[in-house]
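**Student:** What follows is the file final21.tsv, containing TSV, C-alpha atoms and all ligand atoms:
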chain	number	residue	atom	x	y	z
L	1142	MET	CA	0.00	0.00	0.00
L	1143	ASN	CA	1.35	3.43	-0.97
L	1144	ARG	CA	2.07	6.10	1.58
L	1145	THR	CA	-1.07	8.11	2.24
L	1146	ALA	CA	-1.29	11.89	2.44
L	1147	VAL	CA	-4.36	13.68	3.75
L	1148	VAL	CA	-4.83	17.27	2.60
L	1149	THR	CA	-7.57	19.42	4.15
L	1150	GLY	CA	-9.12	22.32	2.30
L	1151	ALA	CA	-8.26	20.48	-0.92
L	1152	SER	CA	-11.12	21.76	-3.07
L	1153	SER	CA	-9.21	24.84	-4.30
L	1154	GLY	CA	-6.05	26.92	-4.06
L	1155	ILE	CA	-3.04	25.68	-2.11
L	1156	GLY	CA	-4.88	22.58	-0.87
L	1157	GLU	CA	-5.86	21.45	-4.35
L	1158	ALA	CA	-2.39	22.18	-5.74
L	1159	THR	CA	-0.84	20.23	-2.87
L	1160	ALA	CA	-3.13	17.24	-3.45
L	1161	ARG	CA	-2.12	17.22	-7.12
L	1162	ARG	CA	1.55	17.58	-6.31
L	1163	LEU	CA	1.65	14.84	-3.67
L	1164	ALA	CA	-0.22	12.49	-6.02
L	1165	ALA	CA	2.48	13.20	-8.64
L	1166	GLU	CA	5.06	12.29	-5.97
L	1167	GLY	CA	3.42	8.87	-5.65
L	1168	PHE	CA	1.29	9.32	-2.54
L	1169	ASP	CA	-2.24	8.02	-2.28
L	1170	VAL	CA	-3.91	11.33	-1.57
L	1171	VAL	CA	-7.07	11.86	0.42
L	1172	ALA	CA	-8.42	15.22	-0.72
L	1173	ALA	CA	-10.73	16.46	2.02
L	1174	ALA	CA	-12.98	19.53	2.00
L	1175	ARG	CA	-16.60	20.63	2.25
L	1176	ARG	CA	-17.27	21.13	-1.46
L	1177	ARG	CA	-17.73	17.57	-2.65
L	1178	ASP	CA	-18.49	18.49	-6.29
L	1179	ARG	CA	-15.06	20.09	-6.72
L	1180	LEU	CA	-13.32	17.20	-4.96
L	1181	ASP	CA	-15.09	14.64	-7.12
L	1182	LYS	CA	-13.88	16.42	-10.26
L	1183	LEU	CA	-10.34	16.49	-8.90
L	1184	ALA	CA	-10.45	12.79	-8.01
L	1185	ALA	CA	-11.84	11.90	-11.44
L	1186	GLU	CA	-9.09	13.87	-13.13
L	1187	VAL	CA	-6.04	12.82	-11.09
L	1188	PRO	CA	-5.18	9.16	-10.50
L	1189	GLY	CA	-4.24	8.56	-6.87
L	1190	ILE	CA	-6.59	11.15	-5.41
L	1191	ARG	CA	-9.63	10.09	-3.36
L	1192	ALA	CA	-12.31	12.58	-2.32
L	1193	VAL	CA	-13.60	12.68	1.25
L	1194	SER	CA	-16.14	15.19	2.55
L	1195	LEU	CA	-14.78	17.12	5.51
L	1196	ASP	CA	-15.87	20.08	7.58
L	1197	VAL	CA	-13.01	20.78	10.00
L	1198	THR	CA	-15.40	22.67	12.29
L	1199	SER	CA	-17.39	19.49	12.91
L	1200	GLN	CA	-16.01	16.82	15.25
L	1201	GLU	CA	-18.38	14.29	13.70
L	1202	SER	CA	-17.05	15.02	10.23
L	1203	VAL	CA	-13.43	14.77	11.40
L	1204	ASP	CA	-14.18	11.45	13.14
L	1205	ALA	CA	-15.69	10.13	9.90
L	1206	LEU	CA	-12.53	11.11	8.02
L	1207	ALA	CA	-10.37	9.27	10.55
L	1208	ALA	CA	-12.60	6.19	10.38
L	1209	SER	CA	-12.25	6.10	6.58
L	1210	LEU	CA	-8.44	5.85	6.72
L	1211	GLU	CA	-6.31	2.73	6.92
L	1212	ARG	CA	-3.12	4.71	7.16
L	1213	CYS	CA	-1.87	8.27	7.20
L	1214	ASP	CA	1.78	9.14	6.59
L	1215	VAL	CA	1.38	12.82	5.80
L	1216	LEU	CA	-1.21	15.28	7.06
L	1217	VAL	CA	-1.41	18.75	5.54
L	1218	ASN	CA	-3.56	21.00	7.74
L	1219	ASN	CA	-4.42	23.54	5.08
L	1220	ALA	CA	-8.10	24.34	5.69
L	1221	GLY	CA	-8.59	27.87	6.96
L	1222	GLY	CA	-8.40	31.41	5.67
L	1223	ALA	CA	-9.09	35.06	6.36
L	1224	ILE	CA	-12.39	36.87	6.72
L	1225	GLY	CA	-12.48	40.65	6.86
L	1226	LEU	CA	-9.84	43.37	7.08
L	1227	GLU	CA	-11.54	45.69	9.56
L	1228	PRO	CA	-9.51	47.40	12.27
L	1229	VAL	CA	-9.76	45.80	15.70
L	1230	ALA	CA	-12.04	48.66	16.80
L	1231	ALA	CA	-14.60	47.44	14.27
L	1232	GLY	CA	-13.77	43.72	14.53
L	1233	ASN	CA	-16.62	41.38	13.72
L	1234	VAL	CA	-16.84	38.80	16.50
L	1235	ASP	CA	-18.46	36.19	14.26
L	1236	ASP	CA	-15.68	36.51	11.67
L	1237	TRP	CA	-13.00	36.25	14.35
L	1238	GLN	CA	-14.71	33.22	15.82
L	1239	GLN	CA	-14.96	31.55	12.43
L	1240	MET	CA	-11.28	32.20	11.69
L	1241	TYR	CA	-10.31	30.70	15.04
L	1242	ASP	CA	-12.59	27.72	14.51
L	1243	THR	CA	-11.22	26.84	11.06
L	1244	ASN	CA	-7.53	27.77	11.28
L	1245	VAL	CA	-6.85	26.77	14.89
L	1246	LEU	CA	-9.53	24.42	16.21
L	1247	GLY	CA	-9.92	22.79	12.79
L	1248	SER	CA	-6.22	21.97	12.80
L	1249	LEU	CA	-6.55	20.73	16.39
L	1250	ARG	CA	-9.48	18.43	15.58
L	1251	VAL	CA	-7.82	16.88	12.54
L	1252	THR	CA	-4.42	16.61	14.23
L	1253	LYS	CA	-5.86	14.84	17.28
L	1254	ALA	CA	-7.83	12.44	15.11
L	1255	LEU	CA	-4.96	11.47	12.79
L	1256	LEU	CA	-1.97	11.63	15.13
L	1257	PRO	CA	-2.21	7.93	16.11
L	1258	LEU	CA	-1.96	6.99	12.42
L	1259	LEU	CA	0.94	9.39	11.84
L	1260	VAL	CA	2.81	7.81	14.77
L	1261	ALA	CA	1.95	4.30	13.60
L	1262	SER	CA	3.33	5.06	10.13
L	1263	GLY	CA	6.84	5.14	11.63
L	1264	ASP	CA	7.69	8.28	9.62
L	1265	GLY	CA	4.78	10.68	9.83
L	1266	VAL	CA	4.89	14.26	8.61
L	1267	LEU	CA	2.45	16.87	9.83
L	1268	VAL	CA	2.43	20.09	7.82
L	1269	MET	CA	0.72	23.18	9.20
L	1270	LEU	CA	-0.15	25.77	6.61
L	1271	THR	CA	0.19	28.94	8.62
L	1272	SER	CA	1.07	32.30	7.08
L	1273	VAL	CA	3.44	35.21	7.48
L	1274	ALA	CA	0.37	36.67	9.23
L	1275	GLY	CA	1.26	34.28	12.06
L	1276	LEU	CA	4.66	35.91	12.42
L	1277	VAL	CA	4.05	39.60	11.71
L	1278	SER	CA	0.97	41.67	12.53
L	1279	TYR	CA	-0.49	44.35	10.29
L	1280	GLU	CA	-3.32	46.89	10.29
L	1281	GLY	CA	-6.61	45.23	9.51
L	1282	GLY	CA	-5.11	41.80	10.17
L	1283	GLY	CA	-6.39	41.52	13.77
L	1284	GLY	CA	-8.58	38.44	13.60
L	1285	TYR	CA	-6.46	36.62	11.04
L	1286	ASN	CA	-3.19	37.58	12.77
L	1287	ALA	CA	-4.59	36.30	16.06
L	1288	ALA	CA	-5.71	33.01	14.53
L	1289	LYS	CA	-2.49	32.45	12.59
L	1290	HIS	CA	-0.29	33.38	15.56
L	1291	ALA	CA	-2.25	30.81	17.56
L	1292	GLN	CA	-1.76	28.19	14.87
L	1293	THR	CA	1.98	28.96	14.77
L	1294	ALA	CA	2.20	28.61	18.56
L	1295	MET	CA	0.29	25.35	18.43
L	1296	THR	CA	2.72	24.03	15.81
L	1297	GLU	CA	5.72	24.92	17.96
L	1298	VAL	CA	4.15	23.22	20.99
L	1299	LEU	CA	3.33	20.11	19.00
L	1300	ARG	CA	6.92	19.78	17.78
L	1301	LEU	CA	8.15	19.93	21.37
L	1302	GLU	CA	5.57	17.45	22.60
L	1303	LEU	CA	6.25	14.96	19.80
L	1304	CYS	CA	10.04	15.03	20.17
L	1305	GLY	CA	11.03	11.35	20.33
L	1306	GLU	CA	8.03	10.18	18.30
L	1307	PRO	CA	8.44	9.31	14.62
L	1308	VAL	CA	6.54	12.40	13.45
L	1309	ARG	CA	7.99	15.54	11.90
L	1310	VAL	CA	6.15	18.81	12.49
L	1311	VAL	CA	6.62	21.27	9.65
L	1312	GLU	CA	5.27	24.80	9.38
L	1313	VAL	CA	4.91	26.37	5.94
L	1314	ALA	CA	4.24	30.12	6.17
L	1315	PRO	CA	3.46	31.76	2.84
L	1316	GLY	CA	3.36	35.48	2.14
L	1317	MET	CA	1.45	36.86	-0.83
L	1318	VAL	CA	-0.11	34.03	-2.82
L	1319	HIS	CA	-2.57	34.80	-5.60
L	1320	THR	CA	-5.23	32.11	-5.43
L	1321	GLU	CA	-8.75	32.03	-6.75
L	1322	GLU	CA	-10.44	32.52	-3.38
L	1323	PHE	CA	-8.21	33.71	-0.53
L	1324	SER	CA	-8.70	37.45	-1.01
L	1325	LEU	CA	-12.22	37.04	-2.30
L	1326	ASN	CA	-13.20	35.42	1.00
L	1327	ARG	CA	-11.31	38.05	2.93
L	1328	PHE	CA	-13.23	40.83	1.17
L	1329	HIS	CA	-16.59	39.08	1.52
L	1330	GLY	CA	-16.84	38.40	-2.23
L	1331	ASP	CA	-15.81	41.89	-3.45
L	1332	SER	CA	-13.70	40.85	-6.45
L	1333	ALA	CA	-12.47	44.38	-7.27
L	1334	ALA	CA	-11.07	44.78	-3.74
L	1335	ALA	CA	-9.63	41.27	-3.88
L	1336	ASP	CA	-7.87	41.98	-7.19
L	1337	ARG	CA	-6.35	45.23	-5.88
L	1338	VAL	CA	-4.25	43.23	-3.42
L	1339	TYR	CA	-2.19	41.80	-6.27
L	1340	GLN	CA	-2.37	44.80	-8.61
L	1341	GLY	CA	0.99	45.63	-10.19
L	1342	VAL	CA	2.83	43.01	-8.17
L	1343	PRO	CA	5.20	41.30	-10.57
L	1344	GLY	CA	4.80	37.63	-9.78
L	1345	PRO	CA	2.87	36.98	-6.61
L	1346	LEU	CA	3.27	33.36	-5.55
L	1347	THR	CA	0.89	30.80	-7.01
L	1348	ALA	CA	-0.71	27.85	-5.26
L	1349	ASP	CA	1.71	25.62	-7.19
L	1350	ASP	CA	4.70	27.47	-5.72
L	1351	VAL	CA	3.48	26.70	-2.21
L	1352	ALA	CA	2.59	23.10	-3.10
L	1353	ASP	CA	6.13	22.71	-4.41
L	1354	ALA	CA	7.52	23.93	-1.07
L	1355	ILE	CA	5.24	21.57	0.87
L	1356	SER	CA	6.23	18.68	-1.32
L	1357	TRP	CA	9.93	19.47	-0.78
L	1358	CYS	CA	9.43	19.49	3.00
L	1359	VAL	CA	7.63	16.16	3.13
L	1360	THR	CA	10.03	14.38	0.76
L	1361	ARG	CA	13.19	15.10	2.81
L	1362	PRO	CA	14.79	12.12	4.54
L	1363	ALA	CA	13.02	11.01	7.73
L	1364	HIS	CA	15.62	12.57	10.05
L	1365	VAL	CA	15.29	16.04	8.44
L	1366	ASN	CA	12.65	18.30	10.00
L	1367	VAL	CA	12.05	21.58	8.20
L	1368	ASP	CA	10.76	23.48	11.22
L	1369	ARG	CA	9.45	26.54	9.40
L	1370	LEU	CA	9.59	27.50	5.77
L	1371	VAL	CA	8.70	31.13	5.02
L	1372	ILE	CA	7.99	31.66	1.34
L	1373	ARG	CA	7.22	34.98	-0.32
L	1374	PRO	CA	7.37	36.42	-3.81
L	1375	ARG	CA	10.55	38.30	-4.68
L	1376	ALA	CA	8.43	41.45	-4.87
L	1377	GLN	CA	7.48	41.18	-1.17
L	1378	ALA	CA	10.57	41.80	0.92
L	1379	ALA	CA	8.48	42.17	4.08
L	1380	GLN	CA	4.81	42.41	5.04
L	1381	HIS	CA	4.67	46.16	4.25
L	1382	LYS	CA	7.39	46.25	1.60
L	1383	ILE	CA	5.78	45.29	-1.68
L	1384	HIS	CA	7.13	46.26	-5.08
L	1385	ARG	CA	4.41	47.25	-7.57
L	1386	VAL	CA	4.84	48.38	-11.17
M	1	LIG	C1	-1.86	35.31	3.63
M	1	LIG	C2	-0.71	36.25	3.69
M	1	LIG	O1	0.03	38.68	3.95
M	1	LIG	O2	-2.30	38.29	3.41
M	1	LIG	O3	-1.83	34.33	4.58
M	1	LIG	O4	-1.48	37.80	5.61
M	1	LIG	S1	-1.14	37.81	4.20
So, in terms of structure tokens, how does the structure I just supplied come out?
**Tutor:**
Amino acid sequence: MNRTAVVTGASSGIGEATARRLAAEGFDVVAAARRRDRLDKLAAEVPGIRAVSLDVTSQESVDALAASLERCDVLVNNAGGAIGLEPVAAGNVDDWQQMYDTNVLGSLRVTKALLPLLVASGDGVLVMLTSVAGLVSYEGGGGYNAAKHAQTAMTEVLRLELCGEPVRVVEVAPGMVHTEEFSLNRFHGDSAAADRVYQGVPGPLTADDVADAISWCVTRPAHVNVDRLVIRPRAQAAQHKIHRV
């Protein structure tokens, strides 16, 4: 039986690109997300990908994912995202709660459920898709910064707690990535505002660039733990330093 990789949030963007990339690397990939129609298309198109419905905010759904697996060698906790860019003074509690529930508690639910399989694999790799927003704060980032900082902290704690177990804990923290939906969700569906984020930026990262980085991390020899990989476009030297033409 091939090594199995589970990718959450695999119906679009970085998750979908990672599912495709890990399948190309020879993994049996479980592509998990809420939008089953998109997953089914992906599974029909790419040999080695299996679709599983998953809502990371539901314990029942996460338990069903775990029950459907015979093995899990790689887990990519990718499901999550940003909602809103309001200043803290105008922060929407529901949006903040949702960001915490998907990015942080979603990762917790899936990690808890699949950790026994990762340990049993003898060489498990757990990848947390965080963000530079988990390392640096910025105006309007409040809820997302808080959630991503929490996810980063949780990743660091997990690596300490699993020291001695056969599981690597890898954090991949991307900067500006132009995907179909990330900014659109952040701006509540306002596509003009979403597009402005990338306007004039020569070469924002693509989902494939991040999938490539994830794939590199998980295909290192078993004794090599890439603790944190920060990946940005050349045009983004820092959170507030973006070159536009
Ligand atoms: C996305 C990167 O810079 O929009 O996670 O926070 S940023």
**Student:** Would you give me, as CSV, each residue of chain L having an atom within 10 Å of an atom of ligand LIG 1 (chain M), along with its shortest atom pair and that distance in Å to one decimal, using only C-alpha atoms and all ligand atoms and sorting by chain and residue number?
**Tutor:**
residue,atom,partner,partner_atom,distance
L:Gly1221,CA,M:LIG1,O3,9.6
L:Gly1222,CA,M:LIG1,O3,7.3
L:Ala1223,CA,M:LIG1,O3,7.5
L:Leu1226,CA,M:LIG1,O2,9.8
L:Leu1270,CA,M:LIG1,O3,9.0
L:Thr1271,CA,M:LIG1,O3,7.0
L:Ser1272,CA,M:LIG1,O3,4.3
L:Val1273,CA,M:LIG1,C2,5.7
L:Ala1274,CA,M:LIG1,O4,4.2
L:Gly1275,CA,M:LIG1,O4,7.8
L:Leu1276,CA,M:LIG1,O4,9.4
L:Val1277,CA,M:LIG1,O4,8.4
L:Ser1278,CA,M:LIG1,O4,8.3
L:Tyr1279,CA,M:LIG1,O4,8.1
L:Gly1281,CA,M:LIG1,O4,9.8
L:Gly1282,CA,M:LIG1,O4,7.1
L:Tyr1285,CA,M:LIG1,O4,7.5
L:Asn1286,CA,M:LIG1,O4,7.4
L:Lys1289,CA,M:LIG1,O3,8.3
L:Ala1314,CA,M:LIG1,O3,7.6
L:Pro1315,CA,M:LIG1,O3,6.1
L:Gly1316,CA,M:LIG1,C2,4.4
L:Met1317,CA,M:LIG1,C2,5.0
L:Val1318,CA,M:LIG1,C1,6.8
L:His1319,CA,M:LIG1,C1,9.3
L:Phe1323,CA,M:LIG1,C1,7.8
L:Ser1324,CA,M:LIG1,O2,7.8
L:Arg1327,CA,M:LIG1,O2,9.0
L:Val1338,CA,M:LIG1,O2,8.7
L:Arg1373,CA,M:LIG1,C2,9.0
L:Gln1377,CA,M:LIG1,O1,9.4
L:Ala1379,CA,M:LIG1,O1,9.1
L:Gln1380,CA,M:LIG1,O1,6.2
L:His1381,CA,M:LIG1,O1,8.8
**Student:** So, with all atoms listed in the file as the atoms that count, which of L:Val1170, L:Ala1352, L:Ala1333, L:Val1342 lies closest to Gly1156 in chain L?
**Tutor:** L:Ala1352
**Student:** Just to confirm, what's the straight-line distance from CA of Arg1162 in chain L to CA of Lys1253 in chain L in Å (one decimal)?
**Tutor:**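 Separation of CA of Arg1162 in chain L and CA of Lys1253 in chain L: 24.9 Å.
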**Student:** Would you please work out which residue, of L:Asp1336, L:Asp1349, L:Asp1204, L:Glu1211, is nearest to Gly1154 in chain L when using all atoms listed in the file?
**Tutor:** L:Asp1349
**Student:** Using only C-alpha atoms, give me every residue within 6 Å of (5.3, 38.9, -6.9) in file coordinates, as a ChimeraX atom specification.
**Tutor:** /L:1342-1345,1374-1376
**Student:** For a test of reading the model, state the distance in Å between CA of Gly1265 in chain L and CA of Leu1346 in chain L, rounded to one decimal.
**Tutor:**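 One can read the CA of Gly1265 in chain L to CA of Leu1346 in chain L distance as 27.4 Å.
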